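Below is the file input-v4.pdb, which contains PDB, C-alpha atoms, pLDDT in the B column.
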ATOM      1  CA  MET A   4      38.989 -90.499 -58.837  1.00 62.00           C
ATOM      2  CA  PRO A   5      39.219 -87.546 -56.368  1.00 71.00           C
ATOM      3  CA  VAL A   6      39.378 -88.291 -52.662  1.00 71.00           C
ATOM      4  CA  LYS A   7      36.543 -86.815 -50.567  1.00 70.00           C
ATOM      5  CA  PHE A   8      37.427 -85.593 -47.118  1.00 67.00           C
ATOM      6  CA  PRO A   9      34.822 -85.383 -44.347  1.00 68.00           C
ATOM      7  CA  GLN A  10      33.423 -81.936 -43.578  1.00 66.00           C
ATOM      8  CA  PHE A  11      34.361 -80.718 -40.132  1.00 62.00           C
ATOM      9  CA  ARG A  12      32.518 -77.988 -38.294  1.00 58.00           C
ATOM     10  CA  SER A  13      34.574 -75.064 -37.173  1.00 57.00           C
ATOM     11  CA  ARG A  14      35.448 -74.834 -33.471  1.00 57.00           C
ATOM     12  CA  ARG A  15      33.183 -71.783 -33.240  1.00 53.00           C
ATOM     13  CA  ASP A  16      30.139 -73.919 -34.093  1.00 54.00           C
ATOM     14  CA  ALA A  17      31.186 -76.660 -31.675  1.00 57.00           C
ATOM     15  CA  PHE A  18      31.233 -74.288 -28.687  1.00 58.00           C
ATOM     16  CA  PRO A  19      28.368 -71.798 -28.531  1.00 64.00           C
ATOM     17  CA  GLU A  20      29.453 -68.297 -27.607  1.00 66.00           C
ATOM     18  CA  LYS A  21      27.525 -68.050 -24.335  1.00 83.00           C
ATOM     19  CA  MET A  22      28.709 -71.300 -22.715  1.00 93.00           C
ATOM     20  CA  TRP A  23      31.468 -69.684 -20.674  1.00 94.00           C
ATOM     21  CA  THR A  24      31.943 -66.555 -18.564  1.00 94.00           C
ATOM     22  CA  ARG A  25      35.270 -65.121 -17.440  1.00 95.00           C
ATOM     23  CA  CYS A  26      35.358 -64.055 -13.792  1.00 96.00           C
ATOM     24  CA  PRO A  27      36.363 -60.370 -13.640  1.00 96.00           C
ATOM     25  CA  SER A  28      38.089 -60.947 -10.300  1.00 96.00           C
ATOM     26  CA  CYS A  29      40.279 -64.037 -10.805  1.00 96.00           C
ATOM     27  CA  GLU A  30      39.872 -64.429 -14.620  1.00 95.00           C
ATOM     28  CA  GLU A  31      38.820 -68.084 -14.283  1.00 95.00           C
ATOM     29  CA  GLN A  32      36.770 -69.386 -17.224  1.00 95.00           C
ATOM     30  CA  LEU A  33      33.470 -70.558 -15.721  1.00 95.00           C
ATOM     31  CA  PHE A  34      30.994 -72.895 -17.384  1.00 95.00           C
ATOM     32  CA  ASN A  35      27.669 -71.004 -17.306  1.00 94.00           C
ATOM     33  CA  LYS A  36      25.586 -73.994 -16.177  1.00 94.00           C
ATOM     34  CA  GLN A  37      27.897 -74.475 -13.176  1.00 94.00           C
ATOM     35  CA  LEU A  38      27.922 -70.731 -12.494  1.00 94.00           C
ATOM     36  CA  ASP A  39      24.117 -70.706 -12.441  1.00 90.00           C
ATOM     37  CA  LYS A  40      24.066 -73.768 -10.171  1.00 93.00           C
ATOM     38  CA  ASN A  41      26.339 -71.890  -7.777  1.00 94.00           C
ATOM     39  CA  GLN A  42      23.930 -68.909  -7.772  1.00 89.00           C
ATOM     40  CA  ARG A  43      26.235 -66.775  -9.959  1.00 92.00           C
ATOM     41  CA  VAL A  44      29.161 -66.938  -7.519  1.00 95.00           C
ATOM     42  CA  CYS A  45      32.640 -67.825  -8.806  1.00 96.00           C
ATOM     43  CA  THR A  46      33.691 -71.197  -7.400  1.00 94.00           C
ATOM     44  CA  ARG A  47      37.356 -70.190  -7.434  1.00 95.00           C
ATOM     45  CA  CYS A  48      37.413 -66.750  -5.774  1.00 97.00           C
ATOM     46  CA  GLY A  49      33.862 -66.154  -4.507  1.00 96.00           C
ATOM     47  CA  HIS A  50      33.141 -63.168  -6.785  1.00 97.00           C
ATOM     48  CA  HIS A  51      29.397 -62.428  -6.868  1.00 95.00           C
ATOM     49  CA  PHE A  52      28.116 -61.636 -10.362  1.00 93.00           C
ATOM     50  CA  ARG A  53      25.249 -59.175 -10.766  1.00 89.00           C
ATOM     51  CA  LEU A  54      21.811 -60.722 -10.992  1.00 90.00           C
ATOM     52  CA  ARG A  55      19.077 -59.427 -13.257  1.00 89.00           C
ATOM     53  CA  VAL A  56      15.631 -58.706 -11.815  1.00 92.00           C
ATOM     54  CA  ALA A  57      14.039 -62.025 -12.849  1.00 92.00           C
ATOM     55  CA  ALA A  58      16.947 -64.046 -11.440  1.00 91.00           C
ATOM     56  CA  ARG A  59      16.867 -62.166  -8.127  1.00 93.00           C
ATOM     57  CA  ILE A  60      13.114 -62.626  -7.793  1.00 96.00           C
ATOM     58  CA  ALA A  61      13.439 -66.350  -8.578  1.00 95.00           C
ATOM     59  CA  GLN A  62      16.233 -66.652  -6.010  1.00 92.00           C
ATOM     60  CA  LEU A  63      14.310 -64.905  -3.227  1.00 96.00           C
ATOM     61  CA  LEU A  64      10.663 -65.840  -3.647  1.00 98.00           C
ATOM     62  CA  ASP A  65       8.659 -69.042  -3.787  1.00 98.00           C
ATOM     63  CA  ARG A  66       8.193 -70.272  -7.355  1.00 97.00           C
ATOM     64  CA  ASP A  67       5.476 -68.432  -9.330  1.00 97.00           C
ATOM     65  CA  SER A  68       4.410 -66.345  -6.328  1.00 98.00           C
ATOM     66  CA  PHE A  69       5.564 -62.919  -7.579  1.00 98.00           C
ATOM     67  CA  ARG A  70       2.817 -60.511  -8.645  1.00 98.00           C
ATOM     68  CA  GLU A  71       4.253 -57.343 -10.191  1.00 97.00           C
ATOM     69  CA  GLN A  72       2.599 -54.016  -9.374  1.00 97.00           C
ATOM     70  CA  ASP A  73       2.667 -50.782 -11.388  1.00 96.00           C
ATOM     71  CA  ALA A  74       4.351 -52.429 -14.371  1.00 93.00           C
ATOM     72  CA  ASN A  75       3.012 -49.690 -16.639  1.00 91.00           C
ATOM     73  CA  LEU A  76       4.904 -46.815 -14.947  1.00 90.00           C
ATOM     74  CA  GLU A  77       7.409 -45.257 -17.346  1.00 83.00           C
ATOM     75  CA  SER A  78      10.039 -42.565 -16.972  1.00 80.00           C
ATOM     76  CA  VAL A  79       9.586 -39.354 -18.905  1.00 78.00           C
ATOM     77  CA  ASP A  80      12.044 -36.578 -19.615  1.00 78.00           C
ATOM     78  CA  MET A  81      10.597 -33.769 -17.482  1.00 79.00           C
ATOM     79  CA  LEU A  82      13.864 -31.784 -17.525  1.00 79.00           C
ATOM     80  CA  GLY A  83      14.699 -32.071 -21.222  1.00 78.00           C
ATOM     81  CA  PHE A  84      18.025 -33.588 -20.169  1.00 75.00           C
ATOM     82  CA  VAL A  85      20.705 -33.999 -22.833  1.00 75.00           C
ATOM     83  CA  ASP A  86      24.142 -35.477 -22.257  1.00 79.00           C
ATOM     84  CA  GLN A  87      25.864 -37.247 -25.139  1.00 84.00           C
ATOM     85  CA  LYS A  88      22.395 -38.496 -26.132  1.00 84.00           C
ATOM     86  CA  PRO A  89      18.933 -37.159 -25.306  1.00 85.00           C
ATOM     87  CA  TYR A  90      17.408 -38.883 -22.253  1.00 83.00           C
ATOM     88  CA  PRO A  91      14.471 -40.433 -24.179  1.00 85.00           C
ATOM     89  CA  GLU A  92      16.971 -42.156 -26.499  1.00 88.00           C
ATOM     90  CA  ARG A  93      18.877 -43.499 -23.475  1.00 86.00           C
ATOM     91  CA  LEU A  94      15.639 -44.812 -21.977  1.00 87.00           C
ATOM     92  CA  GLU A  95      14.626 -46.563 -25.178  1.00 90.00           C
ATOM     93  CA  ALA A  96      18.085 -48.120 -25.609  1.00 91.00           C
ATOM     94  CA  ALA A  97      17.985 -49.383 -22.005  1.00 89.00           C
ATOM     95  CA  ARG A  98      14.498 -50.869 -22.530  1.00 89.00           C
ATOM     96  CA  VAL A  99      15.608 -52.685 -25.673  1.00 93.00           C
ATOM     97  CA  ALA A 100      18.860 -53.933 -24.089  1.00 90.00           C
ATOM     98  CA  THR A 101      17.303 -55.177 -20.840  1.00 88.00           C
ATOM     99  CA  GLY A 102      13.739 -56.104 -21.751  1.00 87.00           C
ATOM    100  CA  ILE A 103      12.391 -54.178 -18.750  1.00 86.00           C
ATOM    101  CA  ARG A 104      10.615 -50.801 -18.698  1.00 86.00           C
ATOM    102  CA  ASP A 105      12.627 -49.164 -15.928  1.00 88.00           C
ATOM    103  CA  ALA A 106      15.413 -49.798 -13.428  1.00 89.00           C
ATOM    104  CA  ALA A 107      13.037 -51.025 -10.692  1.00 92.00           C
ATOM    105  CA  VAL A 108      10.327 -53.662 -10.393  1.00 94.00           C
ATOM    106  CA  TRP A 109       8.101 -54.076  -7.353  1.00 97.00           C
ATOM    107  CA  GLY A 110       5.383 -56.438  -6.287  1.00 98.00           C
ATOM    108  CA  THR A 111       4.359 -59.028  -3.756  1.00 98.00           C
ATOM    109  CA  GLY A 112       5.209 -62.678  -3.370  1.00 98.00           C
ATOM    110  CA  THR A 113       5.880 -65.292  -0.755  1.00 98.00           C
ATOM    111  CA  ILE A 114       8.936 -66.678   0.976  1.00 98.00           C
ATOM    112  CA  GLY A 115       8.255 -70.028   2.598  1.00 98.00           C
ATOM    113  CA  GLY A 116       4.549 -69.251   2.234  1.00 98.00           C
ATOM    114  CA  SER A 117       4.778 -65.895   4.071  1.00 98.00           C
ATOM    115  CA  LYS A 118       3.707 -62.870   2.044  1.00 98.00           C
ATOM    116  CA  VAL A 119       6.283 -60.080   1.454  1.00 98.00           C
ATOM    117  CA  ALA A 120       6.598 -56.885  -0.581  1.00 98.00           C
ATOM    118  CA  LEU A 121       9.668 -56.808  -2.819  1.00 98.00           C
ATOM    119  CA  CYS A 122      11.337 -54.055  -4.837  1.00 97.00           C
ATOM    120  CA  VAL A 123      14.309 -55.021  -7.024  1.00 95.00           C
ATOM    121  CA  MET A 124      16.511 -52.635  -8.991  1.00 92.00           C
ATOM    122  CA  ASP A 125      18.458 -53.744 -12.035  1.00 90.00           C
ATOM    123  CA  PHE A 126      21.888 -52.216 -12.611  1.00 88.00           C
ATOM    124  CA  ALA A 127      21.729 -53.302 -16.270  1.00 87.00           C
ATOM    125  CA  PHE A 128      19.107 -50.595 -16.833  1.00 87.00           C
ATOM    126  CA  MET A 129      21.211 -47.419 -17.162  1.00 85.00           C
ATOM    127  CA  GLY A 130      23.389 -48.350 -14.203  1.00 74.00           C
ATOM    128  CA  GLY A 131      20.327 -48.610 -11.980  1.00 55.00           C
ATOM    129  CA  SER A 132      19.879 -44.843 -12.341  1.00 67.00           C
ATOM    130  CA  MET A 133      17.241 -43.589 -10.001  1.00 73.00           C
ATOM    131  CA  GLY A 134      14.781 -41.682 -12.117  1.00 76.00           C
ATOM    132  CA  THR A 135      11.290 -40.711 -11.056  1.00 82.00           C
ATOM    133  CA  VAL A 136       9.873 -44.180 -11.659  1.00 89.00           C
ATOM    134  CA  VAL A 137      12.450 -45.898  -9.433  1.00 91.00           C
ATOM    135  CA  GLY A 138      11.686 -43.529  -6.580  1.00 91.00           C
ATOM    136  CA  GLU A 139       7.970 -43.955  -7.127  1.00 94.00           C
ATOM    137  CA  LYS A 140       8.187 -47.759  -7.153  1.00 95.00           C
ATOM    138  CA  VAL A 141      10.302 -47.879  -3.979  1.00 95.00           C
ATOM    139  CA  THR A 142       7.806 -45.526  -2.298  1.00 96.00           C
ATOM    140  CA  ARG A 143       4.780 -47.524  -3.449  1.00 98.00           C
ATOM    141  CA  ALA A 144       6.373 -50.780  -2.271  1.00 98.00           C
ATOM    142  CA  ALA A 145       7.067 -49.245   1.155  1.00 98.00           C
ATOM    143  CA  GLU A 146       3.564 -47.757   1.439  1.00 98.00           C
ATOM    144  CA  HIS A 147       1.969 -51.074   0.414  1.00 98.00           C
ATOM    145  CA  ALA A 148       4.097 -53.008   2.908  1.00 98.00           C
ATOM    146  CA  LEU A 149       3.134 -50.584   5.682  1.00 98.00           C
ATOM    147  CA  GLU A 150      -0.551 -50.647   4.765  1.00 98.00           C
ATOM    148  CA  GLU A 151      -0.663 -54.463   4.541  1.00 98.00           C
ATOM    149  CA  ARG A 152       1.759 -54.949   7.460  1.00 98.00           C
ATOM    150  CA  LEU A 153       4.154 -56.961   5.277  1.00 98.00           C
ATOM    151  CA  PRO A 154       7.921 -57.281   5.477  1.00 98.00           C
ATOM    152  CA  LEU A 155       9.591 -55.130   2.801  1.00 98.00           C
ATOM    153  CA  ILE A 156      12.671 -56.295   0.921  1.00 98.00           C
ATOM    154  CA  VAL A 157      14.505 -53.807  -1.324  1.00 97.00           C
ATOM    155  CA  VAL A 158      17.403 -55.067  -3.454  1.00 95.00           C
TER     156      VAL A 158
END
Please render this file's structure as structure tokens.
Amino acid sequence: MPVKFPQFRSRRDAFPEKMWTRCPSCEEQLFNKQLDKNQRVCTRCGHHFRLRVAARIAQLLDRDSFREQDANLESVDMLGFVDQKPYPERLEAARVATGIRDAAVWGTGTIGGSKVALCVMDFAFMGGSMGTVVGEKVTRAAEHALEERLPLIVV
């Protein structure tokens, strides 16, 4: 009678791919849950990882207080710019990769119950390139803060 051996899962299945992050500064392997607990700062060398827009907003503002403004603004290719790829293709690829419409998000929220205007740029969206929409959102955030006499935070 043949002997049956137990089936073992491969090591790949045992450790999901996104459990660890290597610090680009000291090359320490960091457990993502611990990294998040430490606000995306390496516990060994103090390297600060980039934060995406949603993470930065959650870090700065009171929970569920952020109200985005002008979410429907979208960049267009007014210059017909072409590099290695046409600009509209770059925009679409950045939208798909990041899940946001442009490199900046602005709105209002509260910090400790005090209302503020906040504009956050995301480097993951085409290196945070400042197209027309980014400039427009920064301007609108500043104008709103001035009009409402609110503190303005731009990240």
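In terms of minimum interatomic distance to Arg25 in chain A, A:His50 ranks closest within A:Phe126, A:His50, A:Thr113, A:Gln42, counting all atoms listed in the file.
Our summary of the geometry notes that CA of Leu121 in chain A is positioned 20.1 Å from CA of Ser78 in chain A.
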Any chance you could work out the residue set of the PyMOL selection byres ((chain A and resi 136-150) around 8) here, as a PDB file with C-alpha atoms, in the frame of the given file?
ATOM      1  CA  ASP A  73       2.667 -50.782 -11.388  1.00 96.00           C
ATOM      2  CA  LEU A  76       4.904 -46.815 -14.947  1.00 90.00           C
ATOM      3  CA  GLU A  77       7.409 -45.257 -17.346  1.00 83.00           C
ATOM      4  CA  SER A  78      10.039 -42.565 -16.972  1.00 80.00           C
ATOM      5  CA  ASP A 105      12.627 -49.164 -15.928  1.00 88.00           C
ATOM      6  CA  ALA A 106      15.413 -49.798 -13.428  1.00 89.00           C
ATOM      7  CA  ALA A 107      13.037 -51.025 -10.692  1.00 92.00           C
ATOM      8  CA  VAL A 108      10.327 -53.662 -10.393  1.00 94.00           C
ATOM      9  CA  TRP A 109       8.101 -54.076  -7.353  1.00 97.00           C
ATOM     10  CA  GLY A 110       5.383 -56.438  -6.287  1.00 98.00           C
ATOM     11  CA  VAL A 119       6.283 -60.080   1.454  1.00 98.00           C
ATOM     12  CA  ALA A 120       6.598 -56.885  -0.581  1.00 98.00           C
ATOM     13  CA  LEU A 121       9.668 -56.808  -2.819  1.00 98.00           C
ATOM     14  CA  CYS A 122      11.337 -54.055  -4.837  1.00 97.00           C
ATOM     15  CA  MET A 124      16.511 -52.635  -8.991  1.00 92.00           C
ATOM     16  CA  MET A 133      17.241 -43.589 -10.001  1.00 73.00           C
ATOM     17  CA  GLY A 134      14.781 -41.682 -12.117  1.00 76.00           C
ATOM     18  CA  THR A 135      11.290 -40.711 -11.056  1.00 82.00           C
ATOM     19  CA  GLU A 151      -0.663 -54.463   4.541  1.00 98.00           C
ATOM     20  CA  ARG A 152       1.759 -54.949   7.460  1.00 98.00           C
ATOM     21  CA  LEU A 153       4.154 -56.961   5.277  1.00 98.00           C
ATOM     22  CA  PRO A 154       7.921 -57.281   5.477  1.00 98.00           C
ATOM     23  CA  LEU A 155       9.591 -55.130   2.801  1.00 98.00           C
ATOM     24  CA  VAL A 157      14.505 -53.807  -1.324  1.00 97.00           C
TER      25      VAL A 157
END
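In terms of minimum interatomic distance to Phe128 in chain A, A:Val56 ranks closest within A:Pro89, A:Asp80, A:Val56, A:Ile156, counting only C-alpha atoms.
The space separating CA of Asp67 in chain A from CA of Asn41 in chain A comes to 21.2 Å.
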_Within 12 Å of Thr24 in chain A using only C-alpha atoms, minus same-chain residues under 4 positions, as a PyMOL selection string_ = chain A and resi 19-20+28-39+43-45+52
Would you kindly return, as an mmCIF file with C-alpha atoms, in the coordinates of the input, each protein, DNA or RNA residue with an atom no farther than 12 Å from any atom of Gly115 in chain A, considering all atoms listed in the file and excluding same-chain residues fewer than 4 positions away?
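Result saved to out.cif:
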data_model
loop_
_atom_site.group_PDB
_atom_site.id
_atom_site.type_symbol
_atom_site.label_atom_id
_atom_site.label_comp_id
_atom_site.auth_asym_id
_atom_site.auth_seq_id
_atom_site.Cartn_x
_atom_site.Cartn_y
_atom_site.Cartn_z
ATOM 1 C CA LEU A 63 14.310 -64.905 -3.227
ATOM 2 C CA LEU A 64 10.663 -65.840 -3.647
ATOM 3 C CA ASP A 65 8.659 -69.042 -3.787
ATOM 4 C CA ARG A 66 8.193 -70.272 -7.355
ATOM 5 C CA SER A 68 4.410 -66.345 -6.328
ATOM 6 C CA VAL A 119 6.283 -60.080 1.454
#
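Relative to CA of Met22 in chain A, CA of Arg53 in chain A is found at 17.4 Å.
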*Once the PyMOL selection byres ((chain A and resi 90-95) around 12) has been applied to the shown file, what residues remain in the selection, as a PyMOL selection string?*
chain A and resi 77-89+96-106+127-132+134+136
